[in-house]
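K.L.:
Dropping in target-v2.cif, which is mmCIF, C-alpha atoms and all ligand atoms:
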data_model
#
loop_
_atom_site.label_atom_id
_atom_site.label_comp_id
_atom_site.auth_asym_id
_atom_site.auth_seq_id
_atom_site.Cartn_x
_atom_site.Cartn_y
_atom_site.Cartn_z
CA MET A 826 -70.00 -76.84 -89.83
CA GLY A 827 -69.12 -75.59 -86.35
CA PHE A 828 -65.99 -77.72 -86.45
CA GLY A 829 -65.04 -76.37 -89.88
CA TYR A 830 -65.27 -72.85 -88.61
CA THR A 831 -63.17 -73.61 -85.54
CA ALA A 832 -60.59 -75.43 -87.65
CA LYS A 833 -60.33 -72.50 -90.03
CA ALA A 834 -59.97 -70.07 -87.15
CA PHE A 835 -57.26 -72.30 -85.69
CA ILE A 836 -55.39 -72.46 -89.00
CA LEU A 837 -55.59 -68.68 -89.29
CA LEU A 838 -54.32 -68.30 -85.75
CA VAL A 839 -51.35 -70.60 -86.42
CA ALA A 840 -50.59 -68.79 -89.67
CA PHE A 841 -50.72 -65.44 -87.88
CA ALA A 842 -48.54 -66.66 -85.00
CA SER A 843 -45.95 -67.99 -87.43
CA THR A 844 -45.71 -64.65 -89.24
CA LEU A 845 -45.14 -62.99 -85.86
CA ALA A 846 -42.47 -65.58 -85.01
CA HIS A 847 -40.57 -64.61 -88.15
CA THR A 848 -40.70 -60.93 -87.31
CA LYS A 849 -37.18 -59.69 -87.02
CA ALA A 850 -36.19 -56.07 -86.95
CA LYS A 851 -33.23 -55.12 -89.10
CA THR A 852 -30.39 -52.69 -88.57
CA ILE A 853 -29.69 -50.67 -91.69
CA VAL A 854 -26.72 -48.37 -92.16
CA VAL A 855 -27.95 -45.24 -93.95
CA GLY A 856 -26.00 -44.85 -97.19
CA GLY A 857 -24.41 -48.30 -96.82
CA SER A 858 -20.62 -48.11 -96.99
CA ALA A 859 -20.82 -44.38 -97.87
CA GLY A 860 -22.44 -43.60 -94.52
CA TRP A 861 -24.02 -40.16 -93.94
CA THR A 862 -22.02 -37.78 -96.11
CA TYR A 863 -22.42 -34.72 -98.31
CA GLY A 864 -23.11 -35.21 -102.02
CA PHE A 865 -24.62 -38.68 -101.65
CA ASN A 866 -28.25 -38.85 -102.84
CA TYR A 867 -30.21 -40.26 -99.87
CA THR A 868 -33.59 -39.96 -101.55
CA LYS A 869 -32.29 -42.36 -104.15
CA TRP A 870 -30.74 -44.56 -101.46
CA ALA A 871 -34.03 -44.70 -99.52
CA HIS A 872 -35.90 -45.51 -102.72
CA ASP A 873 -33.48 -48.34 -103.52
CA ASN A 874 -33.45 -49.69 -99.95
CA CYS A 875 -37.08 -49.40 -98.89
CA PRO A 876 -39.41 -50.56 -97.53
CA PHE A 877 -38.32 -49.96 -93.97
CA TYR A 878 -40.27 -51.73 -91.29
CA PHE A 879 -41.58 -50.92 -87.86
CA LYS A 880 -38.80 -51.43 -85.25
CA ASP A 881 -36.02 -51.40 -87.83
CA THR A 882 -33.05 -49.28 -86.80
CA LEU A 883 -31.50 -46.76 -89.17
CA VAL A 884 -27.87 -46.10 -88.29
CA PHE A 885 -26.29 -42.76 -89.24
CA LYS A 886 -22.50 -42.97 -89.44
CA TYR A 887 -20.41 -39.87 -90.03
CA ASP A 888 -17.04 -38.36 -89.27
CA PRO A 889 -16.63 -35.86 -86.41
CA PRO A 890 -16.36 -32.17 -87.41
CA THR A 891 -13.09 -31.10 -88.99
CA ASN A 892 -11.33 -28.01 -87.62
CA THR A 893 -11.22 -26.38 -91.03
CA THR A 894 -13.10 -23.11 -91.76
CA PRO A 895 -15.93 -23.74 -92.34
CA PRO A 896 -15.92 -27.09 -90.54
CA HIS A 897 -17.18 -30.10 -92.42
CA ALA A 898 -19.75 -31.57 -90.10
CA HIS A 899 -22.94 -33.60 -90.15
CA SER A 900 -25.87 -34.15 -87.86
CA VAL A 901 -29.30 -35.78 -87.91
CA TYR A 902 -32.54 -33.83 -87.60
CA LEU A 903 -36.18 -34.79 -87.81
CA LEU A 904 -38.29 -32.19 -89.60
CA PRO A 905 -41.89 -31.87 -88.40
CA ASN A 906 -43.74 -32.29 -91.69
CA LEU A 907 -43.46 -32.66 -95.46
CA TRP A 908 -43.45 -28.93 -96.17
CA SER A 909 -40.60 -28.13 -93.77
CA TRP A 910 -38.72 -31.11 -95.21
CA ILE A 911 -39.17 -29.85 -98.79
CA LYS A 912 -38.13 -26.31 -97.80
CA CYS A 913 -35.35 -27.42 -95.38
CA ASP A 914 -37.01 -25.24 -92.74
CA PHE A 915 -35.33 -26.21 -89.46
CA ARG A 916 -37.27 -23.83 -87.18
CA ARG A 917 -39.29 -26.63 -85.58
CA ALA A 918 -36.82 -29.38 -86.32
CA LYS A 919 -35.78 -31.79 -83.62
CA MET A 920 -32.10 -32.67 -83.37
CA LEU A 921 -31.67 -36.41 -83.01
CA ALA A 922 -27.87 -36.54 -83.20
CA ASN A 923 -25.37 -33.70 -82.93
CA THR A 924 -22.18 -33.38 -84.97
CA THR A 925 -20.22 -35.84 -82.86
CA GLN A 926 -22.82 -38.50 -82.18
CA GLY A 927 -22.48 -40.24 -85.53
CA THR A 928 -18.86 -41.27 -85.00
CA GLY A 929 -17.72 -44.80 -84.32
CA ASP A 930 -20.62 -47.22 -84.58
CA GLY A 931 -22.93 -44.37 -85.57
CA PHE A 932 -26.21 -43.12 -84.17
CA GLY A 933 -29.20 -45.47 -84.31
CA VAL A 934 -32.79 -44.35 -84.77
CA VAL A 935 -35.42 -47.01 -84.06
CA LEU A 936 -38.47 -46.58 -86.29
CA ASN A 937 -40.95 -47.21 -83.51
CA LYS A 938 -43.70 -44.78 -84.50
CA TRP A 939 -46.36 -45.05 -87.18
CA MET A 940 -45.36 -41.94 -89.01
CA PRO A 941 -43.21 -40.66 -91.85
CA TYR A 942 -39.75 -39.77 -90.57
CA TYR A 943 -38.48 -36.63 -92.33
CA PHE A 944 -34.71 -36.94 -91.94
CA ALA A 945 -32.17 -34.27 -92.88
CA CYS A 946 -28.67 -33.14 -92.09
CA GLY A 947 -28.72 -29.75 -90.29
CA GLU A 948 -25.21 -28.64 -91.28
CA GLY A 949 -23.62 -26.49 -93.96
CA PRO A 950 -24.09 -22.73 -94.48
CA ASN A 951 -27.85 -22.04 -94.70
CA HIS A 952 -28.47 -25.75 -94.24
CA LEU A 953 -26.72 -26.47 -97.52
CA HIS A 954 -26.52 -30.23 -96.89
CA CYS A 955 -30.33 -30.31 -96.90
CA ASN A 956 -30.87 -27.49 -99.40
CA ASN A 957 -28.56 -29.15 -101.88
CA GLY A 958 -31.23 -31.81 -102.03
CA THR A 959 -28.95 -34.70 -101.17
CA MET A 960 -28.76 -35.21 -97.36
CA LYS A 961 -32.46 -35.75 -96.78
CA PHE A 962 -34.90 -38.62 -97.11
CA ILE A 963 -38.23 -39.86 -95.83
CA ALA A 964 -38.73 -43.22 -94.14
CA TRP A 965 -42.26 -44.43 -93.46
CA PRO A 966 -42.13 -47.75 -91.61
CA PHE A 967 -44.37 -50.60 -92.75
CA TRP A 968 -45.80 -53.35 -90.61
CA ARG A 969 -43.69 -56.46 -91.13
CA TRP A 970 -45.95 -59.38 -92.11
CA ASN A 971 -43.26 -61.89 -93.08
C1 LIG B 1001 -24.99 -31.16 -104.28
O1 LIG B 1001 -23.62 -31.24 -103.94
C2 LIG B 1001 -22.91 -32.27 -104.60
C3 LIG B 1001 -21.53 -32.35 -103.99
O2 LIG B 1001 -20.87 -31.12 -104.10
C4 LIG B 1001 -22.92 -32.04 -106.09
O3 LIG B 1001 -22.25 -33.09 -106.74
C5 LIG B 1001 -24.35 -31.94 -106.58
O4 LIG B 1001 -24.38 -31.59 -107.92
C6 LIG B 1001 -25.16 -30.94 -105.77
N1 LIG B 1001 -26.55 -31.08 -106.17
C7 LIG B 1001 -27.40 -30.07 -106.24
C8 LIG B 1001 -28.78 -30.37 -106.66
O5 LIG B 1001 -27.06 -28.91 -105.99
C1 LIG B 1002 -23.15 -34.15 -78.57
O1 LIG B 1002 -23.89 -34.88 -77.59
C2 LIG B 1002 -23.05 -35.64 -76.73
C3 LIG B 1002 -23.96 -36.51 -75.88
O2 LIG B 1002 -24.99 -35.76 -75.29
C4 LIG B 1002 -22.18 -34.68 -75.93
O3 LIG B 1002 -21.35 -35.41 -75.06
C5 LIG B 1002 -21.33 -33.86 -76.89
O4 LIG B 1002 -20.58 -32.89 -76.18
C6 LIG B 1002 -22.22 -33.16 -77.92
N1 LIG B 1002 -21.35 -32.56 -78.92
C7 LIG B 1002 -21.56 -31.35 -79.40
C8 LIG B 1002 -20.63 -30.90 -80.47
O5 LIG B 1002 -22.47 -30.64 -79.01
C1 LIG B 1003 -31.62 -38.03 -106.33
O1 LIG B 1003 -31.98 -39.14 -107.11
C2 LIG B 1003 -33.32 -39.11 -107.55
C3 LIG B 1003 -33.61 -40.43 -108.23
O2 LIG B 1003 -32.58 -40.84 -109.07
C4 LIG B 1003 -33.50 -37.91 -108.48
O3 LIG B 1003 -34.84 -37.86 -108.93
C5 LIG B 1003 -33.17 -36.66 -107.71
O4 LIG B 1003 -33.24 -35.54 -108.57
C6 LIG B 1003 -31.78 -36.74 -107.10
N1 LIG B 1003 -31.59 -35.60 -106.22
C7 LIG B 1003 -30.52 -34.80 -106.30
C8 LIG B 1003 -30.51 -33.66 -105.37
O5 LIG B 1003 -29.60 -35.00 -107.07
#
I'd like the structure from this file rewritten - as structure tokens, please.

P.N.:
Amino acid sequence: MGFGYTAKAFILLVAFASTLAHTKAKTIVVGGSAGWTYGFNYTKWAHDNCPFYFKDTLVFKYDPPTNTTPPHAHSVYLLPNLWSWIKCDFRRAKMLANTTQGTGDGFGVVLNKWMPYYFACGEGPNHLHCNNGTMKFIAWPFWRWN
């Protein structure tokens, strides 16, 4: 009986260790080949591409600002909670990447906290890119078991 218990514990330990061994964080380009751009529905993209896992990296790729008036530009902000995300209220938002940091290989955000990430673009007149309902999404990382 004592042996059975130990054996079971050992099997569980091996099974647990092997799931950890297979843990591999992924790098995911937000929007896929579209990148981070106006008019693309990121809520839909997140829905189609979730779940995201702890330690995965979300990469935001976008063009630098144009010198047109108004400039076409993008950025990446983290809104503090669900309500500010719904309302596109940037008063307590934290800028993660400015308008030039998404160029080239893009700007990577490692999902290394156990929390919902309320992402949004901070650009456009009156935060249009967020207010339009398209350049915003929520990522809540899961623990990766396999
Ligand atoms: C947001 O903007 C895009 C691109 O101009 C447009 O196709 C879409 O209809 C707009 N959506 C809303 C909800 O305003
Ligand atoms: C964005 O941030 C980078 C790195 O800190 C900086 O070099 C660049 O000047 C900033 N660009 C703008 C438009 O603020
Ligand atoms: C984005 O797509 C979702 C799911 O298809 C839809 O419910 C939502 O209304 C769309 N948002 C916008 C702003 O078009």

K.L.:
Record the distance separating atom CA of A:Leu883 and atom C6 of ligand LIG 1001 (chain B), expressed in Å with one decimal.

P.N.:
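Between atom CA of A:Leu883 and atom C6 of ligand LIG 1001 (chain B) the gap is 23.8 Å.
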
K.L.:
Please put the answer as AutoDock Vina command-line options: centre and edge lengths, in Å with one decimal, of a box along x, y and z that encloses all listed atoms of ligand LIG 1002 (chain B) plus 5 Å on each side.

P.N.:
--center_x -22.8 --center_y -33.6 --center_z -77.8 --size_x 14.4 --size_y 15.9 --size_z 15.4

K.L.:
Each residue of chain A lying at most 9 Å from ligand LIG 1002 (chain B) should get a row with its shortest atom-to-atom pair and the distance in Å to one decimal, counting only C-alpha atoms and all ligand atoms; could you produce that, ordered by chain and increasing number, as JSON lines?

P.N.:
{"residue": "A:Pro889", "atom": "CA", "partner": "B:LIG1002", "partner_atom": "C8", "distance": 8.7}
{"residue": "A:Pro890", "atom": "CA", "partner": "B:LIG1002", "partner_atom": "C8", "distance": 8.2}
{"residue": "A:Ala922", "atom": "CA", "partner": "B:LIG1002", "partner_atom": "C1", "distance": 7.0}
{"residue": "A:Asn923", "atom": "CA", "partner": "B:LIG1002", "partner_atom": "C1", "distance": 4.9}
{"residue": "A:Thr924", "atom": "CA", "partner": "B:LIG1002", "partner_atom": "C8", "distance": 5.4}
{"residue": "A:Thr925", "atom": "CA", "partner": "B:LIG1002", "partner_atom": "N1", "distance": 5.2}
{"residue": "A:Gln926", "atom": "CA", "partner": "B:LIG1002", "partner_atom": "C1", "distance": 5.7}

K.L.:
Report, in Å to a single decimal, how far apart atom CA of A:Gly931 and atom C8 of ligand LIG 1003 (chain B) are.

P.N.:
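Atom-to-atom, atom C8 of ligand LIG 1003 (chain B) to atom CA of A:Gly931, that is 23.8 Å.
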
K.L.:
Set out as a Markdown table a contact list for chain A and ligand LIG 1003 (chain B) with a cut-off of 7 Å, giving each residue of chain A that qualifies its closest atom pair and distance in Å to one decimal, counting only C-alpha atoms and all ligand atoms, ordered by chain and rising residue number.

P.N.:
| residue | atom | partner | partner_atom | distance |
| --- | --- | --- | --- | --- |
| A:Asn866 | CA | B:LIG1003 | C1 | 4.9 |
| A:Tyr867 | CA | B:LIG1003 | C1 | 7.0 |
| A:Thr868 | CA | B:LIG1003 | C1 | 5.5 |
| A:Lys869 | CA | B:LIG1003 | O1 | 4.4 |
| A:Asn957 | CA | B:LIG1003 | C8 | 6.0 |
| A:Gly958 | CA | B:LIG1003 | C8 | 3.9 |
| A:Thr959 | CA | B:LIG1003 | C8 | 4.6 |

K.L.:
Do you have the atom CA of A:Ser858-atom CA of A:Ala918 distance handy?

P.N.:
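Atom CA of A:Ala918 lies at a distance of 27.0 Å from atom CA of A:Ser858.
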
K.L.:
Which is closer to A:Lys961 than all the others in A:Gly864, A:Gly857, A:Thr893, A:Phe932, using all atoms listed in the file?

P.N.:
A:Gly864

K.L.:
With only C-alpha atoms as the basis for distance, which of A:Ile911, A:Leu936, A:Met920, A:Ala850 is at the shortest distance from A:Glu948?

P.N.:
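Closest candidate: A:Met920.
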
K.L.:
Which is closer to A:Trp908 than all the others in A:Cys955, A:Gly949, A:Asp930, A:Tyr943, using only C-alpha atoms?

P.N.:
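Closest to A:Trp908 of all the choices is A:Tyr943.
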
K.L.:
Which residue gives the smallest distance to A:Cys913 among A:His952, A:Pro966, A:Ala859, A:Thr852, with all atoms listed in the file counted?

P.N.:
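For A:Cys913, the nearest of the candidates is A:His952.
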
K.L.:
Using only C-alpha atoms, determine which residues lie at most 8 Å from A:Gly860, disregarding the query and same-chain residues fewer than 3 positions distant; provide the list as a PyMOL selection string.

P.N.:
chain A and resi 854-857+885-887

K.L.:
Which residue gives the smallest distance to ligand LIG 1001 (chain B) among A:Phe915, A:Met960, A:Trp965, A:Gly929, with only C-alpha atoms and all ligand atoms counted?

P.N.:
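Answer, going by the shortest atom-to-atom distance: A:Met960.
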
K.L.:
Near A:Cys875, counting all atoms listed in the file, which residues have an atom at most 8 Å away, once you skip same-chain residues fewer than 3 positions from it, shown as a PyMOL selection string?

P.N.:
chain A and resi 871-872+964

K.L.:
So, with all atoms listed in the file as the atoms that count, which of A:Met940, A:Arg916, A:Tyr902, A:Phe865 lies closest to ligand LIG 1001 (chain B)?

P.N.:
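Checking each candidate against ligand LIG 1001 (chain B), we get A:Phe865 as the closest.
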